[in-house]
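Shown next: my_file-v5.csv, containing CSV, C-alpha atoms.
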```
chain,number,residue,atom,x,y,z
T,1,MET,CA,64.9,128.5,181.2
T,2,THR,CA,66.5,127.1,184.3
T,3,GLY,CA,69.0,129.1,186.3
T,4,PRO,CA,72.4,127.9,187.5
T,5,SER,CA,72.5,125.3,190.3
T,6,ALA,CA,73.2,126.4,193.9
T,7,GLN,CA,76.8,127.4,194.2
T,8,HIS,CA,79.5,127.5,196.8
T,9,SER,CA,79.3,131.0,198.3
T,10,VAL,CA,82.9,131.8,197.3
T,11,VAL,CA,82.1,130.9,193.7
T,12,ARG,CA,79.1,133.1,193.8
T,13,GLU,CA,81.3,135.9,195.0
T,14,ILE,CA,83.7,135.4,192.1
T,15,VAL,CA,80.9,135.9,189.6
T,16,ASP,CA,79.4,138.8,191.4
T,17,ALA,CA,82.8,140.6,191.7
T,18,VAL,CA,83.3,140.8,187.9
T,19,ALA,CA,79.8,141.5,186.7
T,20,PRO,CA,79.7,145.2,187.7
T,21,ILE,CA,83.1,145.8,186.1
T,22,LEU,CA,81.9,144.3,182.8
T,23,ALA,CA,78.7,146.3,183.0
T,24,VAL,CA,80.5,149.6,183.0
T,25,GLY,CA,83.7,148.7,181.1
T,26,ASP,CA,84.7,148.1,177.6
T,27,GLU,CA,83.2,144.6,176.9
T,28,LYS,CA,85.7,144.1,174.1
T,29,GLN,CA,88.6,144.1,176.5
T,30,PRO,CA,87.7,141.8,179.4
T,31,SER,CA,91.3,141.2,180.5
T,32,THR,CA,91.6,144.7,182.0
T,33,PRO,CA,93.7,145.2,185.2
T,34,GLN,CA,90.4,145.7,187.2
T,35,LEU,CA,89.1,142.3,186.1
T,36,ILE,CA,92.3,140.5,186.7
T,37,ALA,CA,92.6,142.0,190.1
T,38,ALA,CA,89.0,141.1,191.0
T,39,LEU,CA,89.5,137.5,189.8
T,40,GLN,CA,92.8,137.2,191.7
T,41,GLN,CA,91.4,138.7,194.8
T,42,ARG,CA,88.4,136.4,194.8
T,43,GLY,CA,90.4,133.3,193.8
T,44,GLY,CA,88.7,133.0,190.4
T,45,TRP,CA,91.7,131.5,188.8
T,46,GLN,CA,92.5,129.3,191.9
T,47,MET,CA,89.2,127.5,192.1
T,48,LEU,CA,90.8,124.1,191.4
T,49,GLN,CA,94.1,124.9,193.0
T,50,PRO,CA,94.7,122.7,196.1
T,51,ALA,CA,93.8,124.3,199.4
T,52,ARG,CA,97.3,123.6,200.8
T,53,TYR,CA,98.7,126.0,198.2
T,54,GLY,CA,96.1,128.7,198.9
T,55,GLY,CA,93.5,127.6,196.4
T,56,LEU,CA,89.8,127.2,196.9
T,57,ALA,CA,89.6,123.5,195.9
T,58,VAL,CA,85.9,123.7,194.9
T,59,ALA,CA,84.0,120.8,193.6
T,60,ALA,CA,84.0,120.0,189.9
T,61,ASP,CA,80.3,120.9,189.4
T,62,GLU,CA,80.8,124.2,191.1
T,63,PHE,CA,83.8,125.0,188.9
T,64,ILE,CA,81.8,124.2,185.8
T,65,SER,CA,78.9,126.3,186.9
T,66,ALA,CA,81.2,129.2,187.6
T,67,VAL,CA,82.8,128.9,184.2
T,68,TRP,CA,79.6,129.1,182.3
T,69,GLU,CA,78.3,132.0,184.4
T,70,LEU,CA,81.5,133.9,183.7
T,71,ALA,CA,81.3,133.0,180.0
T,72,ALA,CA,77.7,134.3,180.0
T,73,LEU,CA,79.2,137.7,181.0
T,74,ASP,CA,82.1,137.5,178.6
T,75,ALA,CA,83.4,134.5,176.6
T,76,SER,CA,87.0,135.6,177.0
T,77,LEU,CA,86.7,135.6,180.8
T,78,GLY,CA,85.1,132.1,180.8
T,79,TRP,CA,87.9,130.7,178.6
T,80,LEU,CA,90.7,132.0,180.7
T,81,THR,CA,89.0,130.8,183.9
T,82,ALA,CA,88.5,127.4,182.4
T,83,MET,CA,92.1,127.1,181.2
T,84,PHE,CA,93.9,128.5,184.2
T,85,ASN,CA,91.9,126.3,186.5
T,86,ALA,CA,92.3,123.1,184.5
T,87,ALA,CA,96.1,123.6,184.5
T,88,ALA,CA,96.0,124.2,188.3
T,89,ASP,CA,94.0,121.0,188.8
T,90,GLU,CA,96.6,119.1,186.7
T,91,VAL,CA,99.6,120.4,188.5
T,92,GLY,CA,97.9,120.1,191.9
T,93,GLY,CA,97.7,116.3,191.3
T,94,LEU,CA,101.5,116.0,190.7
T,95,PRO,CA,104.1,115.1,193.4
T,96,GLY,CA,104.5,117.8,196.0
T,97,ALA,CA,107.9,119.0,194.8
T,98,VAL,CA,106.5,120.2,191.5
T,99,ALA,CA,103.5,122.0,193.0
T,100,ASP,CA,105.9,123.5,195.6
T,101,GLU,CA,108.0,124.8,192.7
T,102,VAL,CA,105.0,126.5,191.2
T,103,TRP,CA,103.1,127.9,194.2
T,104,GLY,CA,105.7,127.7,197.0
T,105,ALA,CA,106.7,131.4,196.6
T,106,ASN,CA,103.6,132.7,194.9
T,107,THR,CA,100.2,131.1,195.6
T,108,GLN,CA,98.7,133.2,192.8
T,109,ALA,CA,101.0,131.9,190.1
T,110,LEU,CA,99.1,131.1,186.9
T,111,ILE,CA,99.7,128.2,184.5
T,112,ALA,CA,98.6,128.5,180.9
T,113,PRO,CA,98.0,125.1,179.2
T,114,GLY,CA,98.5,124.1,175.6
T,115,TYR,CA,97.0,120.8,174.6
T,116,ARG,CA,98.0,120.3,171.0
T,117,PRO,CA,101.1,118.0,170.6
T,118,GLU,CA,103.1,120.6,168.8
T,119,GLY,CA,106.5,120.0,170.5
T,120,ARG,CA,109.2,117.4,170.6
T,121,LEU,CA,111.3,116.1,173.5
T,122,ALA,CA,114.8,114.8,172.7
T,123,VAL,CA,117.6,113.5,174.8
T,124,GLY,CA,120.3,116.1,175.5
T,125,GLY,CA,122.8,115.7,178.4
T,126,ASP,CA,121.3,115.1,181.8
T,127,ASP,CA,117.9,116.6,180.8
T,128,LEU,CA,115.5,116.3,178.0
T,129,ARG,CA,115.3,119.2,175.5
T,130,LEU,CA,112.1,120.6,174.4
T,131,THR,CA,111.5,122.3,171.0
T,132,GLY,CA,108.3,123.3,169.4
T,133,CYS,CA,105.7,126.0,168.6
T,134,TRP,CA,102.3,125.7,170.2
T,135,HIS,CA,99.5,127.7,168.6
T,136,SER,CA,96.7,129.6,170.2
T,137,VAL,CA,97.6,129.2,173.9
T,138,GLY,CA,95.1,131.3,175.8
T,139,GLY,CA,96.5,133.4,178.7
T,140,ALA,CA,100.1,132.8,177.8
T,141,ASP,CA,101.2,136.4,178.4
T,142,LEU,CA,99.4,136.5,181.8
T,143,ALA,CA,100.8,133.2,183.0
T,144,ASP,CA,103.9,132.5,185.2
T,145,TRP,CA,104.2,128.9,183.8
T,146,LEU,CA,103.3,127.0,180.6
T,147,LEU,CA,102.0,123.5,180.6
T,148,LEU,CA,102.5,122.1,177.1
T,149,THR,CA,102.1,118.8,175.2
T,150,ALA,CA,105.0,117.2,173.4
T,151,ASP,CA,105.9,113.8,171.8
T,152,ASP,CA,109.3,112.0,172.1
T,153,ASP,CA,111.2,110.1,169.5
T,154,ALA,CA,109.7,106.8,170.8
T,155,GLY,CA,106.1,107.9,170.1
T,156,GLY,CA,105.3,108.8,173.8
T,157,ARG,CA,103.2,111.8,174.6
T,158,TYR,CA,104.0,113.9,177.7
T,159,ARG,CA,103.0,117.1,179.5
T,160,VAL,CA,105.9,119.5,180.1
T,161,LEU,CA,105.9,122.3,182.7
T,162,LEU,CA,108.1,125.3,181.9
T,163,PRO,CA,108.6,128.7,183.6
T,164,ARG,CA,107.2,131.5,181.4
T,165,GLU,CA,110.7,133.1,181.0
T,166,GLN,CA,112.0,129.9,179.2
T,167,VAL,CA,109.7,130.4,176.2
T,168,SER,CA,108.9,133.2,173.8
T,169,THR,CA,105.3,134.3,173.1
T,170,THR,CA,103.9,136.0,170.0
T,171,PRO,CA,100.5,137.5,170.3
T,172,THR,CA,98.1,136.4,167.6
T,173,ARG,CA,95.0,137.9,166.3
T,174,ASN,CA,92.4,136.7,168.7
T,175,PRO,CA,89.1,135.4,167.3
T,176,SER,CA,86.2,137.8,167.2
T,177,GLY,CA,84.4,137.5,170.6
T,178,LEU,CA,87.6,136.5,172.4
T,179,PHE,CA,89.4,139.8,172.4
T,180,GLY,CA,90.6,139.5,176.0
T,181,THR,CA,92.1,136.0,176.1
T,182,ASP,CA,95.8,137.0,175.5
T,183,ILE,CA,96.0,134.2,173.0
T,184,CYS,CA,99.6,133.7,171.8
T,185,ASP,CA,101.8,131.3,169.9
T,186,VAL,CA,104.4,129.8,172.3
T,187,THR,CA,107.8,128.8,171.1
T,188,ALA,CA,110.5,126.8,173.0
T,189,ALA,CA,113.9,126.4,171.3
T,190,ASP,CA,116.0,123.5,172.7
T,191,VAL,CA,115.0,124.2,176.3
T,192,ALA,CA,116.4,121.9,179.0
T,193,VAL,CA,113.6,120.4,181.1
T,194,PRO,CA,114.3,118.4,184.3
T,195,ALA,CA,112.6,115.0,184.5
T,196,ARG,CA,110.4,116.1,187.5
T,197,ARG,CA,108.6,118.5,185.2
T,198,ILE,CA,107.7,115.9,182.5
T,199,PHE,CA,104.7,113.7,183.2
T,200,GLU,CA,101.9,111.8,181.6
T,201,SER,CA,98.9,112.8,183.7
T,202,GLY,CA,96.2,115.2,182.6
T,203,SER,CA,93.1,116.9,184.1
T,204,PRO,CA,89.5,115.8,183.3
T,205,MET,CA,88.5,119.4,183.9
T,206,ALA,CA,90.1,120.6,180.7
T,207,GLY,CA,87.5,119.3,178.2
T,208,ALA,CA,84.6,120.0,180.6
T,209,GLY,CA,85.8,123.5,181.3
T,210,ALA,CA,86.3,124.3,177.6
T,211,ALA,CA,82.8,123.0,176.7
T,212,ALA,CA,81.4,125.0,179.6
T,213,THR,CA,82.6,128.2,178.0
T,214,VAL,CA,80.6,127.5,174.8
T,215,VAL,CA,77.5,126.6,176.9
T,216,GLY,CA,77.9,129.7,179.0
T,217,ALA,CA,78.4,132.1,176.1
T,218,ALA,CA,75.2,130.8,174.5
T,219,ASP,CA,73.4,131.0,177.8
T,220,GLY,CA,74.5,134.6,178.2
T,221,MET,CA,73.3,135.4,174.7
T,222,TRP,CA,69.9,133.9,175.4
T,223,HIS,CA,69.5,136.0,178.6
T,224,ARG,CA,70.5,139.2,176.9
T,225,HIS,CA,68.3,138.5,174.0
T,226,VAL,CA,65.2,137.9,176.2
T,227,ARG,CA,66.0,140.9,178.4
T,228,GLU,CA,66.2,143.1,175.3
T,229,ILE,CA,62.8,141.8,174.1
T,230,ARG,CA,61.3,142.6,177.5
T,231,GLN,CA,62.7,146.1,177.4
T,232,ARG,CA,61.4,146.7,174.0
T,233,LEU,CA,58.0,145.4,175.0
T,234,SER,CA,57.9,147.7,178.0
T,235,ALA,CA,59.0,150.7,175.9
T,236,SER,CA,56.4,150.0,173.2
T,237,TYR,CA,53.6,149.0,175.6
T,238,GLY,CA,53.2,145.8,173.7
T,239,GLY,CA,52.6,147.6,170.4
T,240,GLU,CA,55.8,146.6,168.6
T,241,ASP,CA,56.4,143.3,166.9
T,242,VAL,CA,59.6,142.7,169.0
T,243,MET,CA,60.0,139.1,167.8
T,244,ASP,CA,60.3,140.3,164.1
T,245,ARG,CA,58.4,137.3,162.7
T,246,PRO,CA,56.1,134.6,164.1
T,247,SER,CA,58.7,131.8,164.1
T,248,SER,CA,61.0,133.8,166.5
T,249,THR,CA,59.1,132.8,169.7
T,250,ILE,CA,59.6,129.1,168.8
T,251,GLN,CA,63.3,129.7,168.0
T,252,VAL,CA,63.9,131.4,171.3
T,253,ALA,CA,62.1,128.6,173.2
T,254,ARG,CA,63.9,125.9,171.3
T,255,ALA,CA,67.3,127.6,172.0
T,256,ALA,CA,66.5,127.7,175.8
T,257,CYS,CA,65.7,123.9,175.7
T,258,ASP,CA,68.9,123.1,173.8
T,259,ILE,CA,71.1,125.2,176.2
T,260,ASP,CA,69.5,123.5,179.2
T,261,ALA,CA,70.1,120.1,177.6
T,262,ALA,CA,73.7,121.0,176.9
T,263,LYS,CA,74.2,122.0,180.6
T,264,LEU,CA,72.8,118.7,181.7
T,265,GLN,CA,74.8,116.7,179.3
T,266,LEU,CA,78.0,118.5,180.3
T,267,THR,CA,77.4,118.0,184.0
T,268,GLU,CA,76.8,114.3,183.5
T,269,THR,CA,80.4,113.9,182.1
T,270,LEU,CA,81.7,114.8,185.6
T,271,ALA,CA,80.2,111.7,187.1
T,272,GLY,CA,82.9,109.2,186.4
T,273,THR,CA,82.3,108.9,182.7
T,274,ALA,CA,85.0,107.1,180.8
T,275,GLU,CA,87.5,109.5,179.2
T,276,GLY,CA,86.6,108.8,175.6
T,277,ALA,CA,82.9,108.9,176.2
T,278,ALA,CA,83.2,112.1,178.2
T,279,ALA,CA,85.1,113.8,175.4
T,280,TRP,CA,82.3,112.9,172.9
T,281,GLN,CA,79.6,114.1,175.2
T,282,GLN,CA,81.5,117.4,175.9
T,283,LEU,CA,81.8,118.0,172.2
T,284,GLN,CA,78.2,117.2,171.7
T,285,ALA,CA,77.1,119.6,174.5
T,286,ALA,CA,79.3,122.3,173.0
T,287,ALA,CA,77.8,121.7,169.5
T,288,ARG,CA,74.3,121.8,170.9
T,289,ALA,CA,75.0,125.2,172.6
T,290,ARG,CA,76.6,126.6,169.5
T,291,GLU,CA,73.5,125.6,167.4
T,292,ALA,CA,71.3,127.2,170.0
T,293,ALA,CA,73.3,130.5,169.6
T,294,ASP,CA,72.7,130.3,165.9
T,295,GLU,CA,69.0,129.9,166.5
T,296,LEU,CA,69.0,133.0,168.7
T,297,LEU,CA,70.8,135.1,166.1
T,298,ALA,CA,68.3,134.0,163.5
T,299,ALA,CA,65.4,134.9,165.8
T,300,SER,CA,66.1,138.7,165.4
T,301,ARG,CA,67.4,140.7,162.5
T,302,ARG,CA,68.6,143.3,165.0
T,303,HIS,CA,71.8,141.6,166.0
T,304,ALA,CA,73.0,140.1,162.7
T,305,LEU,CA,76.4,141.4,161.7
T,306,ALA,CA,76.2,144.2,164.3
T,307,ALA,CA,79.8,143.9,165.6
T,308,SER,CA,79.2,146.4,168.4
T,309,ASP,CA,76.2,144.6,169.8
T,310,PRO,CA,76.9,142.6,173.0
T,311,ILE,CA,74.6,139.8,171.8
T,312,THR,CA,76.6,139.5,168.5
T,313,ARG,CA,79.8,139.4,170.5
T,314,LEU,CA,78.6,136.6,172.6
T,315,TRP,CA,77.5,134.8,169.5
T,316,GLN,CA,81.0,135.3,168.1
T,317,GLY,CA,82.5,134.1,171.4
T,318,THR,CA,80.3,131.0,171.3
T,319,HIS,CA,81.7,130.1,167.9
T,320,ALA,CA,85.3,131.0,168.9
T,321,CYS,CA,85.1,128.9,172.1
T,322,PHE,CA,83.6,126.0,170.1
T,323,GLN,CA,86.6,126.0,167.7
T,324,LEU,CA,89.1,126.1,170.6
T,325,THR,CA,87.2,123.4,172.4
T,326,THR,CA,87.2,121.1,169.4
T,327,GLN,CA,91.0,121.6,169.0
T,328,LEU,CA,91.5,121.0,172.7
T,329,LEU,CA,89.5,117.8,172.7
T,330,HIS,CA,91.4,116.6,169.6
T,331,GLY,CA,94.7,117.1,171.4
T,332,LEU,CA,93.5,115.4,174.6
T,333,SER,CA,91.9,112.4,172.8
T,334,ASP,CA,94.7,111.6,170.3
T,335,GLY,CA,92.7,111.3,167.2
T,336,LEU,CA,89.4,110.2,168.8
T,337,PHE,CA,87.4,112.5,166.5
T,338,ASP,CA,89.3,111.7,163.3
```
What do you get writing this file as structure tokens?
Amino acid sequence: MTGPSAQHSVVREIVDAVAPILAVGDEKQPSTPQLIAALQQRGGWQMLQPARYGGLAVAADEFISAVWELAALDASLGWLTAMFNAAADEVGGLPGAVADEVWGANTQALIAPGYRPEGRLAVGGDDLRLTGCWHSVGGADLADWLLLTADDDAGGRYRVLLPREQVSTTPTRNPSGLFGTDICDVTAADVAVPARRIFESGSPMAGAGAAATVVGAADGMWHRHVREIRQRLSASYGGEDVMDRPSSTIQVARAACDIDAAKLQLTETLAGTAEGAAAWQQLQAAARAREAADELLAASRRHALAASDPITRLWQGTHACFQLTTQLLHGLSDGLFD
């Protein structure tokens, strides 16, 4: 199985900074203060933030590679990294006054995005008024700003930027495998929004980053599975049937090929692919990685239904990220997959 492509040294530092914390900490709770501090210190959630606002401004392929490496350690960590950075990329492309408002006083300000069109803009005085409830917004309780999608009465669709204090958040039961994503339902009740914080642009990194979390979690599951097999072989001096049944070797090899193919397919969407085609390919890459994770779980009876097993948790994270990725791509593509 191929390893990650050569990375920017700063991106490598981000991954290396969190790995030891996860190795000794509670893997069910990746959003610990130590992890957040490590990511903030290394710029893990500022990878796509413009350099003029203190961000790293790394290349798209480096960002995607970092996301799947972080997701390989913990799916929650990968998902938050993908979402915060996609939102930073989106806001970084707006006129300077908006970006100044977000990062002028705090270069580490985080933006949590919601992509489902679950709100409505209506005329009210000098400003538009936003009302709605956005479900399953990852990182909402960690963010300083929310970047949400809403429709107006004329059928237009817009992105709306709001300070965190103007909305209310309700923690939801996070999916198994994503215990550390601070997923919340976000509610806005007739909030006045100035025109400068309402726009139509988006970030191509959102779909790619989301799909990368699925690929990364499956990749991490593969590496953990193979490492465990090697450890068991070493402990048994080759005397134990560590693969459980003859077909297991084939399943593990096939999963490796599928994950590599998913990585390649996902990377290709960054090379100027049309938006609709890119969304299809990102969904296909995520689906391929999810199926590979299922192959791996089937390859050994030791992990099935073992909730405390890190391989099982990565399998759960793969499926949870796939569900969120599908919802995100639906929201971005306006019915493309219907």
Length of the atom CA of Ala82 of chain T to atom CA of Ala66 of chain T vector [Å]:
9.1 Å
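The space separating atom CA of Trp222 of chain T from atom CA of Arg290 of chain T comes to 11.5 Å.
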Interatomic distance, atom CA of Ala320 of chain T to atom CA of Ser136 of chain T (Å, one decimal):
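These atoms are spaced 11.6 Å apart.
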For segment 49-59 of chain T, find every residue with an atom within 10 Å (counting all atoms listed in the file), except residues of its own chain fewer than 4 positions away, and show them as a list of chain:residue names.
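What passes the distance filter is T:Gln7, T:His8, T:Val10, T:Val11, T:Arg42, T:Gly43, T:Gly44, T:Trp45, T:Phe63, T:Ile64, T:Phe84, T:Asn85, T:Ala86, T:Ala87, T:Ala88, T:Asp89, T:Glu90, T:Val91, T:Gly92, T:Gly93, T:Ala99, T:Asp100, T:Val102, T:Trp103, T:Gly104, T:Ala105, T:Asn106, T:Thr107, T:Gln108.
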So, with only C-alpha atoms as the atoms that count, which of T:Leu264, T:Leu22, T:Ala38, T:Val160 lies closest to Ala289 of chain T?
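The answer is T:Leu264, which sits nearest to Ala289 of chain T.
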Do you know which residues are at most 8 Å from Met83 of chain T counting all atoms listed in the file, after dropping those on the same chain fewer than 3 positions away, and could you put them as a PyMOL selection string?
chain T and resi 79-80+86-87+112-113+138+206+209-210
Can you list, as a PyMOL selection string, every protein, DNA or RNA residue that comes within 7 Å of Gln251 of chain T when you count all atoms listed in the file, leaving out same-chain residues fewer than 5 positions away?
chain T and resi 295-296+299
Counting only C-alpha atoms, which residues have an atom no more than 12 Å from (113.9, 133.5, 178.0) in the file's coordinates? Please list them as a count of residues only.
15
Find, counting all atoms listed in the file, the residue in T:Thr81, T:Gln41, T:Thr172, T:Ser203 that gets nearest to Leu270 of chain T.
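So, comparing all the options, the nearest one is T:Ser203.
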Nearest to Gly317 of chain T: which of T:Ala72, T:Ile36, T:Ile21, T:Ile111 is it, counting all atoms listed in the file?
T:Ala72
So which one's closest to Ser201 of chain T, T:Leu142, T:Leu94, T:Val137, T:Val67? Using only C-alpha atoms, please.
T:Leu94
